[in-house]
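Visitor: Input query-v7.cif, format and content: mmCIF, C-alpha atoms.
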```cif
data_start
loop_
_atom_site.label_atom_id
_atom_site.label_comp_id
_atom_site.auth_asym_id
_atom_site.auth_seq_id
_atom_site.Cartn_x
_atom_site.Cartn_y
_atom_site.Cartn_z
CA MET A 510 -17.78 -35.01 -41.54
CA ALA A 511 -15.94 -33.72 -38.48
CA LEU A 512 -14.37 -36.22 -36.12
CA ARG A 513 -15.89 -36.30 -32.68
CA ARG A 514 -13.71 -36.64 -29.60
CA PRO A 515 -14.52 -39.30 -27.04
CA PRO A 516 -16.39 -37.82 -24.05
CA ARG A 517 -13.41 -38.34 -21.69
CA LEU A 518 -10.99 -36.48 -23.98
CA ARG A 519 -13.53 -33.66 -24.53
CA LEU A 520 -13.68 -33.25 -20.75
CA CYS A 521 -9.90 -33.10 -20.51
CA ALA A 522 -9.71 -30.52 -23.29
CA ARG A 523 -12.03 -28.19 -21.37
CA LEU A 524 -9.99 -28.28 -18.13
CA PRO A 525 -7.36 -25.66 -17.34
CA ASP A 526 -3.69 -26.71 -17.58
CA PHE A 527 -3.37 -27.09 -13.81
CA PHE A 528 -6.15 -29.65 -13.64
CA LEU A 529 -4.86 -31.33 -16.74
CA LEU A 530 -1.63 -32.05 -14.88
CA LEU A 531 -3.52 -33.50 -11.96
CA LEU A 532 -5.61 -35.71 -14.24
CA PHE A 533 -2.79 -36.53 -16.64
CA ARG A 534 -2.85 -40.24 -15.95
CA GLY A 535 -6.59 -40.50 -16.28
CA CYS A 536 -6.81 -38.48 -19.49
CA LEU A 537 -3.79 -40.02 -21.25
CA ILE A 538 -4.97 -43.33 -22.59
CA GLY A 539 -2.36 -46.11 -22.91
CA ALA A 540 0.38 -44.62 -20.69
CA VAL A 541 2.72 -47.15 -19.07
CA ASN A 542 3.03 -46.56 -15.33
CA LEU A 543 4.99 -48.38 -12.62
CA LYS A 544 4.71 -48.70 -8.85
CA SER A 545 6.52 -50.60 -6.08
CA SER A 546 5.23 -52.13 -2.87
CA ASN A 547 8.54 -51.29 -1.15
CA ARG A 548 11.07 -48.82 -2.51
CA THR A 549 13.53 -49.23 0.39
CA PRO A 550 13.78 -52.94 1.24
CA VAL A 551 16.10 -53.96 4.09
CA VAL A 552 17.32 -57.54 4.43
CA GLN A 553 19.89 -59.50 6.42
CA GLU A 554 22.92 -60.91 4.63
CA PHE A 555 22.42 -64.37 3.03
CA GLU A 556 18.62 -64.01 2.99
CA SER A 557 16.43 -63.48 -0.09
CA VAL A 558 14.68 -60.28 -1.16
CA GLU A 559 12.14 -59.18 -3.78
CA LEU A 560 12.59 -55.85 -5.56
CA SER A 561 9.00 -54.94 -6.38
CA CYS A 562 8.27 -53.37 -9.76
CA ILE A 563 4.63 -53.54 -10.93
CA ILE A 564 3.06 -52.28 -14.14
CA THR A 565 -0.22 -50.55 -13.29
CA ASP A 566 -1.20 -49.18 -16.71
CA SER A 567 -0.14 -50.32 -20.17
CA GLN A 568 -1.69 -51.29 -23.49
CA THR A 569 1.39 -53.30 -24.49
CA SER A 570 1.18 -57.03 -23.86
CA ASP A 571 4.90 -57.75 -24.04
CA PRO A 572 6.82 -54.67 -22.80
CA ARG A 573 10.61 -54.70 -22.66
CA ILE A 574 11.93 -55.04 -19.11
CA GLU A 575 15.38 -53.99 -17.90
CA TRP A 576 16.96 -53.87 -14.46
CA LYS A 577 20.09 -51.85 -13.75
CA LYS A 578 22.31 -51.64 -10.66
CA ILE A 579 23.79 -48.26 -9.68
CA GLN A 580 26.68 -48.47 -7.23
CA ASN A 581 29.68 -46.20 -6.60
CA GLY A 582 28.77 -44.07 -9.60
CA GLU A 583 28.71 -47.03 -12.02
CA THR A 584 25.65 -48.46 -13.78
CA THR A 585 25.54 -52.13 -14.81
CA TYR A 586 22.85 -54.43 -16.16
CA VAL A 587 21.43 -57.15 -13.91
CA PHE A 588 18.55 -58.08 -16.26
CA PHE A 589 18.75 -57.42 -19.98
CA ASP A 590 17.55 -59.17 -23.15
CA ASN A 591 15.33 -61.41 -21.00
CA LYS A 592 18.35 -62.80 -19.10
CA ILE A 593 19.94 -62.27 -15.69
CA GLN A 594 23.30 -60.55 -16.11
CA GLY A 595 26.53 -59.96 -14.19
CA VAL A 596 26.99 -60.87 -10.52
CA LEU A 597 23.37 -62.00 -10.14
CA VAL A 598 23.66 -64.89 -12.59
CA GLY A 599 22.58 -68.05 -10.80
CA ARG A 600 20.96 -66.33 -7.82
CA ALA A 601 18.20 -64.12 -9.23
CA GLU A 602 15.03 -64.41 -11.31
CA ILE A 603 12.16 -62.30 -12.61
CA LEU A 604 8.88 -62.69 -10.71
CA GLY A 605 5.67 -62.09 -12.64
CA LYS A 606 6.59 -59.77 -15.48
CA THR A 607 8.84 -57.21 -13.88
CA SER A 608 9.81 -57.80 -10.21
CA LEU A 609 13.33 -59.03 -9.41
CA LYS A 610 14.03 -61.64 -6.73
CA ILE A 611 17.58 -62.14 -5.38
CA TRP A 612 18.65 -65.13 -3.30
CA ASN A 613 21.57 -65.30 -0.89
CA VAL A 614 22.16 -61.55 -0.88
CA THR A 615 25.54 -60.21 0.23
CA ARG A 616 26.73 -56.83 1.41
CA THR A 617 27.94 -56.03 -2.11
CA ASP A 618 24.31 -56.17 -3.30
CA SER A 619 23.53 -52.99 -1.34
CA ALA A 620 22.84 -50.46 -4.09
CA LEU A 621 20.24 -48.55 -6.09
CA TYR A 622 18.28 -50.65 -8.59
CA ARG A 623 16.34 -49.16 -11.48
CA CYS A 624 13.43 -50.97 -13.10
CA GLU A 625 12.82 -49.71 -16.66
CA VAL A 626 9.83 -50.66 -18.85
CA VAL A 627 9.45 -49.80 -22.54
CA ALA A 628 5.89 -50.25 -23.92
CA ARG A 629 5.92 -49.56 -27.66
CA ASN A 630 2.11 -49.59 -28.03
CA ASP A 631 1.53 -46.91 -25.39
CA ARG A 632 1.49 -43.18 -25.95
CA LYS A 633 3.87 -42.80 -23.03
CA GLU A 634 6.25 -45.59 -23.91
CA ILE A 635 8.80 -45.48 -21.08
CA ASP A 636 8.58 -45.47 -17.30
CA GLU A 637 11.10 -46.32 -14.56
CA ILE A 638 11.24 -46.68 -10.81
CA MET A 639 14.19 -46.59 -8.34
CA ILE A 640 14.56 -49.05 -5.46
CA GLU A 641 17.24 -48.75 -2.76
CA LEU A 642 18.32 -52.11 -1.35
CA THR A 643 20.12 -52.25 2.02
CA VAL A 644 21.82 -55.48 3.09
CA GLN A 645 22.57 -55.52 6.79
CA VAL A 646 25.53 -57.40 8.27
CA LYS A 647 25.85 -58.13 11.99
CA PRO A 648 29.12 -56.91 13.56
CA VAL A 649 31.75 -59.45 14.53
CA THR A 650 33.75 -59.31 17.78
CA PRO A 651 35.55 -55.95 17.82
CA VAL A 652 39.25 -55.56 18.56
CA CYS A 653 39.80 -53.58 21.78
CA ARG A 654 43.04 -52.03 23.05
CA VAL A 655 43.16 -50.87 26.68
CA PRO A 656 46.37 -49.69 28.43
CA LYS A 657 47.22 -51.89 31.41
CA ALA A 658 48.60 -49.13 33.68
CA VAL A 659 48.52 -45.34 33.49
CA PRO A 660 49.93 -42.82 36.05
CA VAL A 661 47.55 -40.33 37.61
CA GLY A 662 47.17 -37.15 35.55
CA LYS A 663 48.38 -38.65 32.28
CA MET A 664 46.37 -39.06 29.07
CA ALA A 665 44.96 -42.50 28.19
CA MET A 666 43.41 -43.68 24.91
CA LEU A 667 41.23 -46.79 24.47
CA HIS A 668 40.47 -48.16 20.98
CA CYS A 669 37.62 -50.31 19.62
CA GLN A 670 37.44 -51.39 15.95
CA GLU A 671 35.12 -53.65 13.93
CA SER A 672 35.33 -54.08 10.15
CA GLU A 673 32.53 -56.45 9.09
CA GLY A 674 29.28 -54.77 10.18
CA HIS A 675 27.06 -53.04 7.61
CA PRO A 676 25.85 -50.40 7.97
CA ARG A 677 28.89 -49.22 9.92
CA PRO A 678 28.36 -49.91 13.61
CA HIS A 679 28.27 -47.45 16.48
CA TYR A 680 30.47 -48.05 19.51
CA SER A 681 29.81 -47.81 23.23
CA TRP A 682 32.23 -48.34 26.14
CA TYR A 683 31.52 -49.86 29.56
CA ARG A 684 33.46 -49.67 32.82
CA ASN A 685 32.67 -52.29 35.42
CA ASP A 686 29.48 -53.06 33.40
CA VAL A 687 28.34 -49.42 33.59
CA PRO A 688 27.81 -47.64 30.22
CA LEU A 689 29.93 -44.53 29.71
CA PRO A 690 28.42 -41.35 28.22
CA THR A 691 29.99 -39.71 25.21
CA ASP A 692 31.16 -36.86 27.47
CA SER A 693 31.95 -37.25 31.17
CA ARG A 694 30.74 -33.70 31.84
CA ALA A 695 27.22 -34.67 30.74
CA ASN A 696 26.71 -37.04 33.69
CA PRO A 697 27.27 -36.06 37.35
CA ARG A 698 28.14 -39.67 38.10
CA PHE A 699 31.42 -39.18 36.22
CA ARG A 700 32.30 -35.74 37.55
CA ASN A 701 35.70 -37.01 38.75
CA SER A 702 36.58 -38.19 35.25
CA SER A 703 37.54 -36.29 32.12
CA PHE A 704 36.91 -38.36 29.00
CA HIS A 705 35.27 -38.14 25.59
CA LEU A 706 33.85 -41.03 23.55
CA ASN A 707 33.62 -40.95 19.76
CA SER A 708 30.82 -43.41 18.98
CA GLU A 709 31.68 -43.35 15.25
CA THR A 710 35.33 -44.39 15.59
CA GLY A 711 35.17 -46.27 18.92
CA THR A 712 37.90 -44.17 20.55
CA LEU A 713 37.65 -43.33 24.26
CA VAL A 714 40.08 -40.60 25.33
CA PHE A 715 40.92 -39.58 28.91
CA SER A 716 42.57 -36.17 28.97
CA ALA A 717 43.89 -36.81 32.52
CA VAL A 718 43.10 -40.05 34.33
CA HIS A 719 42.08 -40.23 38.00
CA LYS A 720 42.17 -43.07 40.48
CA ASP A 721 38.43 -43.57 39.96
CA ASP A 722 39.10 -44.40 36.30
CA SER A 723 40.64 -47.74 37.27
CA GLY A 724 38.45 -50.70 36.34
CA ARG A 725 37.45 -53.33 33.78
CA TYR A 726 36.64 -51.93 30.35
CA TYR A 727 34.95 -53.47 27.31
CA CYS A 728 33.35 -52.17 24.10
CA ILE A 729 30.18 -53.07 22.18
CA ALA A 730 29.79 -52.54 18.41
CA SER A 731 26.16 -52.45 17.25
CA ASN A 732 24.02 -51.72 14.20
CA ASP A 733 20.48 -52.59 13.08
CA ALA A 734 21.53 -56.19 12.36
CA GLY A 735 22.90 -56.94 15.84
CA SER A 736 25.81 -56.33 18.19
CA ALA A 737 29.07 -57.85 19.42
CA ARG A 738 31.41 -57.10 22.34
CA CYS A 739 35.06 -57.62 23.09
CA GLU A 740 36.53 -59.23 26.19
CA GLU A 741 36.91 -56.91 29.17
CA GLN A 742 40.38 -55.64 30.01
CA GLU A 743 41.76 -54.12 33.22
CA MET A 744 43.17 -50.61 33.36
CA GLU A 745 45.05 -49.58 36.50
CA VAL A 746 45.62 -45.95 37.44
CA TYR A 747 48.51 -45.55 39.88
CA ASP A 748 50.11 -42.68 41.82
CA LEU A 749 53.59 -41.49 40.89
CA ASN A 750 56.10 -41.83 43.83
CA ILE A 751 57.97 -38.56 43.31
CA GLY A 752 60.12 -39.02 46.43
CA GLY A 753 61.15 -42.49 45.34
CA ILE A 754 62.05 -41.29 41.86
CA ILE A 755 64.21 -38.46 43.24
CA GLY A 756 65.88 -40.83 45.70
CA GLY A 757 66.65 -43.30 42.92
CA VAL A 758 68.20 -40.58 40.78
CA LEU A 759 70.39 -39.44 43.67
CA VAL A 760 71.58 -42.99 44.31
CA VAL A 761 72.53 -43.41 40.65
CA LEU A 762 74.45 -40.11 40.69
CA ALA A 763 76.31 -41.13 43.86
CA VAL A 764 77.32 -44.46 42.35
CA LEU A 765 78.56 -42.74 39.19
CA ALA A 766 80.59 -40.28 41.30
CA LEU A 767 82.23 -43.13 43.26
CA ILE A 768 83.12 -44.97 40.05
CA THR A 769 84.66 -41.81 38.57
CA LEU A 770 86.68 -41.17 41.75
CA GLY A 771 87.98 -44.75 41.79
CA ILE A 772 89.13 -44.50 38.17
CA CYS A 773 90.99 -41.25 38.88
CA CYS A 774 92.81 -42.74 41.88
CA ALA A 775 93.82 -45.79 39.85
CA TYR A 776 95.33 -43.57 37.16
CA ARG A 777 97.29 -41.59 39.71
CA ARG A 778 98.78 -44.74 41.23
CA GLY A 779 99.79 -46.03 37.82
CA TYR A 780 97.55 -49.06 37.65
CA PHE A 781 96.68 -48.29 34.04
CA ILE A 782 100.39 -47.68 32.87
CA ASN A 783 102.14 -50.43 30.90
CA SER A 784 105.18 -51.40 33.08
CA LYS A 785 106.27 -54.51 31.23
CA GLN A 786 110.06 -54.63 31.29
CA ASP A 787 111.33 -58.04 30.21
CA GLY A 788 114.23 -58.81 27.97
CA GLU A 789 112.08 -58.87 24.84
CA SER A 790 111.30 -55.17 25.19
CA TYR A 791 114.80 -54.20 24.17
CA LYS A 792 116.37 -54.45 20.76
CA ASN A 793 120.08 -54.74 19.96
CA PRO A 794 121.49 -51.50 18.61
CA GLY A 795 122.67 -51.41 15.04
CA LYS A 796 126.16 -52.84 14.44
CA ALA A 797 128.91 -50.61 13.09
CA ASP A 798 131.61 -52.07 10.84
CA GLY A 799 134.07 -54.11 12.95
CA VAL A 800 132.26 -53.55 16.23
CA ASN A 801 130.22 -56.08 18.14
CA TYR A 802 128.20 -55.38 21.23
CA ILE A 803 127.45 -57.99 23.84
CA ARG A 804 124.69 -57.45 26.40
CA THR A 805 125.51 -58.72 29.88
CA ASP A 806 123.02 -60.08 32.39
CA GLU A 807 122.53 -56.65 33.83
CA GLU A 808 120.21 -54.43 31.82
CA GLY A 809 121.96 -51.53 30.15
CA ASP A 810 125.58 -52.89 30.73
CA PHE A 811 127.38 -53.34 27.42
CA ARG A 812 131.12 -54.00 26.66
CA HIS A 813 133.26 -54.14 23.52
CA LYS A 814 134.07 -57.49 22.00
CA SER A 815 136.95 -56.05 19.97
CA SER A 816 138.79 -52.80 19.78
CA PHE A 817 137.72 -49.95 17.63
CA LEU A 818 139.65 -49.56 14.46
CA ILE A 819 140.76 -46.01 13.91
#
```
Any chance you could put this one into structure tokens?
Guide:
Amino acid sequence: MALRRPPRLRLCARLPDFFLLLLFRGCLIGAVNLKSSNRTPVVQEFESVELSCIITDSQTSDPRIEWKKIQNGETTYVFFDNKIQGVLVGRAEILGKTSLKIWNVTRTDSALYRCEVVARNDRKEIDEIMIELTVQVKPVTPVCRVPKAVPVGKMAMLHCQESEGHPRPHYSWYRNDVPLPTDSRANPRFRNSSFHLNSETGTLVFSAVHKDDSGRYYCIASNDAGSARCEEQEMEVYDLNIGGIIGGVLVVLAVLALITLGICCAYRRGYFINSKQDGESYKNPGKADGVNYIRTDEEGDFRHKSSFLI
């Protein structure tokens, strides 16, 4: 007696391959399938989050559940052998059969998570689903560096840095509470300025400052979690006094010339020659056999104490 196929399978057998692919889930009895209510959850730091993983079709009553974390090219278990593993121990649990809930999330929890289900009693035994978790961190007060004084026509560079925000914040600069564009040429209001703002690094560069660039500057770092600003700082743009600089140089040269002339005159008049001539500067000449010399009170006057022996 020939075996008869169930009506649903006979229908699938008659369909072309293309339609079989479309109806694969309906025709394949006992195939484990997963879905998620949110594959890209976003949460603030120190809050809780649920990574949704739901079994929609399975004939297995006790499937094996595994959760893995993929970060910086490394894969680690966070749920295995019916236990929470690794860095999530003590702050995570399984909800229902397969979903993963994490409490007190931190920025290091931002990663890809893979939910894997193995159903041994199903024809299609294995299914998996990827969930990307983003933990947002509000920026802290950025560190701003603004030069206090810059001469007209010179280059000036302003810096703004923040290291805590996640995702990485974008930066904007303000002068006298007016936001600055990324390029001064893009706004007629700043036609007398020549600057460029890099919103990724927080650097504001003036190729040549003008008097109108003087003012109070501050920076704001912002991302999806919030924003923070630094204290405003004053930058003064001043004119160079070329005449005063030249005059000062000439005065210094004149003073140096007078000092040199005075030193030369002093040398010529002998003020720097050692003229010490006291009695200690002379030494008695060596004594020959039988001859003594006696120095009188007058310098250079010597007489014999005894006669020479010939």
Visitor: Taking 5 positions as the minimum chain separation for residues in the same chain, which residues sit within 8 Å of Tyr683 in chain A when counting all atoms listed in the file? Answer as a list in words.
Guide: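 Within the cut-off, the hits are Pro688, Leu689, Tyr726, Tyr727 and Cys728 of chain A.
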Visitor: Which one is closest to Pro676 in chain A: A:Cys739, A:Ala658, A:Val552, A:Leu560? Count all atoms listed in the file.
Guide: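 When distances to Pro676 in chain A are compared using all atoms listed in the file, the smallest one comes from A:Val552.
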Visitor: Between A:Thr617, A:Asn581, A:Trp576, A:Ala734, which one has atoms that come closest to Ile593 in chain A, using all atoms listed in the file?
Guide: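 Under the stated criterion, the closest residue is A:Trp576.
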Visitor: Can you spell out as a list of chain:residue names the set of residues that the PyMOL selection byres ((chain A and resi 578) around 9) selects in the structure I just provided?
Guide: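 Here the PyMOL selection byres ((chain A and resi 578) around 9) matches A:Trp576, A:Lys577, A:Ile579, A:Gln580, A:Glu583, A:Thr584, A:Thr585, A:Tyr586, A:Val587, A:Asp618, A:Ala620, A:Leu621, A:Tyr622, A:Arg623.
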Visitor: Residues within 8 Å of range 714-724 of chain A, please, as number ranges by chain. Count only C-alpha atoms; anything in the same chain fewer than 2 positions from it doesn't count.
Guide: A: 659-667, 684-685, 701-706, 712, 726, 743-747
Visitor: Using all atoms listed in the file, which residues of range 677-730 of chain A come within 12 Å of range 642-650 of chain A, and what is the closest atom pair for each, with the distance in Å to one decimal? Give it as a Markdown table, sorted by chain and residue number.
Guide:
```
| residue | atom | partner | partner_atom | distance |
| --- | --- | --- | --- | --- |
| A:Arg677 | CA | A:Pro648 | CA | 8.5 |
| A:Pro678 | CA | A:Pro648 | CA | 7.0 |
| A:His679 | CA | A:Pro648 | CA | 9.9 |
| A:Tyr680 | CA | A:Pro648 | CA | 10.8 |
| A:Tyr727 | CA | A:Thr650 | CA | 11.2 |
| A:Cys728 | CA | A:Thr650 | CA | 9.5 |
| A:Ile729 | CA | A:Thr650 | CA | 8.4 |
| A:Ala730 | CA | A:Pro648 | CA | 6.6 |
```
Visitor: Given the choices A:Asp590, A:Asn613, A:Ala737, A:Met639, which gets closest to Ser546 in chain A if the distance is worked out from only C-alpha atoms?
Guide: A:Met639
Visitor: I want to know what sits within 6 Å of Ser545 in chain A, based on all atoms listed in the file, with residues of the same chain fewer than 4 positions away left out; could you give that as number ranges by chain?
Guide: A: 561-563
Visitor: Could you state the separation of CA of Val541 in chain A and CA of Lys592 in chain A in Å, given to one decimal place?
Guide: 22.1 Å
Visitor: Ranking A:Cys669, A:Leu770, A:Ala775, A:Val761 by minimum distance to Cys653 in chain A and counting all atoms listed in the file, which one comes first?
Guide: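 Going through A:Cys669, A:Leu770, A:Ala775, A:Val761 one by one, the smallest distance to Cys653 in chain A is for A:Cys669.
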Visitor: Pick out the closest residue to Glu641 in chain A from this set: A:Gln742, A:Thr549, A:Thr710, A:Asn542. Count all atoms listed in the file.
Guide: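 The shortest atom-to-atom distance to Glu641 in chain A comes from A:Thr549.
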